[in-house]
Amino acid sequence: MITLAKGANAPLSATNLSVTVDVAASADLSALLVTEAGKVRSDADFIFYNQPSGPGVTCVPASGGQGWRVDVDLTAVPSDVHAVRLVTSLDDGGRVFGQVGQPVARIASGGQPVAEFPMTGLDRETIVVMVELYRRNGEWKVRAVGRGYDGGLADLIRDHGVSVDDEPATPAAPPAPAAPAAPATPSYPPAPQQPPAAPSYPPSAPSYPPSAPSYPPAPQQPPAAPSYPPSAPSYPPAAAPSPQQSPQQAPQQAPQAGGGEVSLRKGASVSLQKGQRVRLTKDGGQKLTQVRMGLGWDPVRKGGLFGSREVEIDLDASVVLFASGQPVDLAFYNNLTTRDGSVRHLGDNRTGEGDGDDETIVVDLTRVPVHVDALVFIVTSYGGQTFQQVQNAFCRLIDHTDGELARYTLTGGLPVTGMVMAKVYREGGDWKLQAIGDGLNAKVPGEAVPQLAKFL
């Protein structure tokens, strides 16, 4: 494999190539077919998510934990096309390359690496021409380009002769970098920068929970658990009902209270505000025994000069069980049932598509061990996309006999990869639910666990 420096070139012996990019953020890939003048022949030579195929070039969208890929068959590229330019653009809530780190372009053939180009010097750019595959004396070569555009997509395509019907809005200044992620607990492997294709995380990790009674399995000299980052952002204090109501939701909404504790009413769903609590007792003092926590979200539709598309986001709902401030068990996509059987996760949803709950966790309150005093419900972004790319995120409490009892809906979005949605906890002889809605930086549940002490 050849490692290229900016401006360097190398001959290509293979004609069927795949181009990918490694970058610590959500990013799209596209391609431009240009003549020797550096311009496209027509708008059809811009190959991107809403026009994914062109002569000899195909954009393959992200799926299965893998990022975007561009496949190029050089034998099918028209003779009047001098070069195929490969482009990557950030799709991560307005951040720039100076905030997310420098990308690395990789070229492979038949699964075998051919060349790589670690880019340097990118700062305020959101889009960059990584490499170009070009003709020279009847042969194909690759050149490391690394040219970024401060003005984003509009500047790049205008520079290459693609027509722009609508002027884009002036890009806003990039936000301050997100709060740094707390270090992951050493007994649970952190998410890799390039997630594996297998849907479970991590593929090589032993099944959870281990036979030992404590969570997480400690090394011989366990370090102290890190405290929750003081700079971690909190979610906007006011929440509004979701515009997309679940089909199971009761038709009548109970009035909101200004704060503190509210009561559950049969036949009326309570719309909770951040920080509000409800006692898990129905009218007449009847205590709930088995409840379902439904969690849902919708991906934000990405608009652009060439139409819009829905960004696929893999969020995962989990619940962590605590006893006297210590985590003792966990139910998530790779461990669907706690050891005592009191909590069951009903399976992973990888896109957030469709109405209603995307993931559901069932809790049998009568079987929760007496030493467990809190259950914290979290949502994490496996692919690293932030909650700026999520809308209509909610959690709702459902009784197996009376339907939806309470709902908490998040509004807006933050540059964080995890959210603490709610907790169910003991107070005296009763169970209560509290809406939380605070952000944290975690891609997988194991990274979130050390950060949850603040919410107990």
# chains A, B, ... in the order shown; residues from 1 in each chain; ligands from 1

call {"tool": "residues_around", "arguments": {"residues": "Glu427 in chain A", "least_positions_apart": "3", "cutoff": "12 Å", "atoms": "only C-alpha atoms", "output": "PyMOL selection string"}}
result
chain A and resi 277-280+372-374+424+430-434

call {"tool": "closest_residue", "arguments": {"among": "A:Gly94, A:Thr366, A:Gln99, A:Val343", "to": "Leu414 in chain A", "atoms": "only C-alpha atoms"}}
result
A:Gly94

call {"tool": "closest_residue", "arguments": {"among": "A:Pro11, A:Val363, A:Met419, A:Gln273", "to": "Asn137 in chain A", "atoms": "only C-alpha atoms"}}
result
A:Pro11

call {"tool": "atom_distance", "arguments": {"atom1": "CA of Asn392 in chain A", "atom2": "CA of Asp298 in chain A"}}
result
5.8 Å

call {"tool": "residues_around", "arguments": {"residues": "range 12-19 of chain A", "least_positions_apart": "2", "cutoff": "6 Å", "atoms": "only C-alpha atoms", "output": "number ranges by chain"}}
result
A: 69-74, 106-109, 140-141

call {"tool": "write_last_selection", "arguments": {"atoms": "N, CA and C atoms", "output": "CSV table (one decimal), in the first residue's frame"}}
result
chain,number,residue,atom,x,y,z
A,69,ARG,N,-19.2,5.0,0.8
A,69,ARG,CA,-18.2,4.4,0.0
A,69,ARG,C,-18.5,4.9,-1.5
A,70,VAL,N,-17.5,5.2,-2.2
A,70,VAL,CA,-17.6,5.4,-3.7
A,70,VAL,C,-16.9,4.3,-4.4
A,71,ASP,N,-17.6,3.6,-5.3
A,71,ASP,CA,-17.0,2.6,-6.1
A,71,ASP,C,-16.8,3.1,-7.5
A,72,VAL,N,-15.6,2.9,-8.1
A,72,VAL,CA,-15.2,3.4,-9.4
A,72,VAL,C,-14.8,2.3,-10.3
A,73,ASP,N,-15.4,2.2,-11.4
A,73,ASP,CA,-14.9,1.3,-12.5
A,73,ASP,C,-14.3,2.1,-13.6
A,74,LEU,N,-13.0,2.2,-13.6
A,74,LEU,CA,-12.3,3.1,-14.5
A,74,LEU,C,-12.5,2.7,-15.9
A,106,ARG,N,-8.9,6.5,1.9
A,106,ARG,CA,-8.4,5.2,1.6
A,106,ARG,C,-8.9,4.7,0.3
A,107,ILE,N,-8.0,4.1,-0.5
A,107,ILE,CA,-8.4,3.5,-1.7
A,107,ILE,C,-8.1,2.0,-1.7
A,108,ALA,N,-9.0,1.1,-2.1
A,108,ALA,CA,-8.8,-0.3,-2.0
A,108,ALA,C,-9.3,-0.9,-3.3
A,109,SER,N,-8.9,-2.1,-3.6
A,109,SER,CA,-9.3,-2.9,-4.8
A,109,SER,C,-9.5,-4.3,-4.4
A,140,TRP,N,-4.1,5.3,-15.9
A,140,TRP,CA,-4.8,5.9,-14.7
A,140,TRP,C,-3.8,6.1,-13.6
A,141,LYS,N,-3.9,7.2,-12.9
A,141,LYS,CA,-3.1,7.5,-11.7
A,141,LYS,C,-3.9,8.1,-10.6

call {"tool": "residues_around", "arguments": {"residues": "range 144-159 of chain A", "least_positions_apart": "4", "cutoff": "6 Å", "atoms": "only C-alpha atoms", "output": "list in words"}}
result
Lys6, Gly7, Ala8, Arg124, Glu125, Thr126, Ile127, Val128, Val129, Met130 and Val131 of chain A

call {"tool": "decode", "arguments": {"residues": "range 72-91 of chain A", "atoms": "N, CA and C atoms", "output": "mmCIF file, in the first residue's frame"}}
result
data_model
loop_
_atom_site.group_PDB
_atom_site.id
_atom_site.type_symbol
_atom_site.label_atom_id
_atom_site.label_comp_id
_atom_site.auth_asym_id
_atom_site.auth_seq_id
_atom_site.Cartn_x
_atom_site.Cartn_y
_atom_site.Cartn_z
ATOM 1 N N VAL A 72 -15.619 2.884 -8.061
ATOM 2 C CA VAL A 72 -15.245 3.422 -9.368
ATOM 3 C C VAL A 72 -14.767 2.288 -10.265
ATOM 4 N N ASP A 73 -15.378 2.166 -11.435
ATOM 5 C CA ASP A 73 -14.918 1.257 -12.483
ATOM 6 C C ASP A 73 -14.282 2.119 -13.568
ATOM 7 N N LEU A 74 -12.956 2.186 -13.564
ATOM 8 C CA LEU A 74 -12.259 3.090 -14.480
ATOM 9 C C LEU A 74 -12.491 2.722 -15.940
ATOM 10 N N THR A 75 -12.778 1.466 -16.236
ATOM 11 C CA THR A 75 -13.014 1.059 -17.619
ATOM 12 C C THR A 75 -14.331 1.603 -18.151
ATOM 13 N N ALA A 76 -15.244 2.018 -17.243
ATOM 14 C CA ALA A 76 -16.557 2.519 -17.658
ATOM 15 C C ALA A 76 -16.632 4.043 -17.638
ATOM 16 N N VAL A 77 -15.559 4.710 -17.231
ATOM 17 C CA VAL A 77 -15.549 6.172 -17.218
ATOM 18 C C VAL A 77 -15.414 6.674 -18.653
ATOM 19 N N PRO A 78 -16.287 7.574 -19.122
ATOM 20 C CA PRO A 78 -16.246 8.045 -20.505
ATOM 21 C C PRO A 78 -14.878 8.623 -20.881
ATOM 22 N N SER A 79 -14.543 8.515 -22.149
ATOM 23 C CA SER A 79 -13.216 8.928 -22.618
ATOM 24 C C SER A 79 -12.990 10.433 -22.510
ATOM 25 N N ASP A 80 -14.076 11.229 -22.532
ATOM 26 C CA ASP A 80 -13.892 12.671 -22.420
ATOM 27 C C ASP A 80 -13.852 13.155 -20.974
ATOM 28 N N VAL A 81 -13.903 12.229 -20.011
ATOM 29 C CA VAL A 81 -13.712 12.571 -18.599
ATOM 30 C C VAL A 81 -12.237 12.390 -18.271
ATOM 31 N N HIS A 82 -11.596 13.475 -17.843
ATOM 32 C CA HIS A 82 -10.163 13.426 -17.543
ATOM 33 C C HIS A 82 -9.892 12.897 -16.145
ATOM 34 N N ALA A 83 -10.785 13.217 -15.177
ATOM 35 C CA ALA A 83 -10.519 12.834 -13.792
ATOM 36 C C ALA A 83 -11.815 12.608 -13.036
ATOM 37 N N VAL A 84 -11.740 11.715 -12.060
ATOM 38 C CA VAL A 84 -12.817 11.506 -11.094
ATOM 39 C C VAL A 84 -12.317 12.043 -9.765
ATOM 40 N N ARG A 85 -12.948 13.109 -9.284
ATOM 41 C CA ARG A 85 -12.536 13.727 -8.031
ATOM 42 C C ARG A 85 -13.438 13.252 -6.906
ATOM 43 N N LEU A 86 -12.844 12.745 -5.830
ATOM 44 C CA LEU A 86 -13.578 12.202 -4.691
ATOM 45 C C LEU A 86 -13.650 13.243 -3.589
ATOM 46 N N VAL A 87 -14.854 13.458 -3.074
ATOM 47 C CA VAL A 87 -15.137 14.553 -2.155
ATOM 48 C C VAL A 87 -15.748 14.001 -0.876
ATOM 49 N N THR A 88 -15.343 14.544 0.269
ATOM 50 C CA THR A 88 -16.022 14.227 1.529
ATOM 51 C C THR A 88 -16.502 15.520 2.160
ATOM 52 N N SER A 89 -17.694 15.470 2.753
ATOM 53 C CA SER A 89 -18.281 16.645 3.400
ATOM 54 C C SER A 89 -18.846 16.246 4.748
ATOM 55 N N LEU A 90 -18.653 17.095 5.744
ATOM 56 C CA LEU A 90 -19.126 16.811 7.089
ATOM 57 C C LEU A 90 -20.639 16.958 7.164
ATOM 58 N N ASP A 91 -21.248 16.024 7.848
ATOM 59 C CA ASP A 91 -22.699 16.045 8.063
ATOM 60 C C ASP A 91 -22.928 15.941 9.566
#
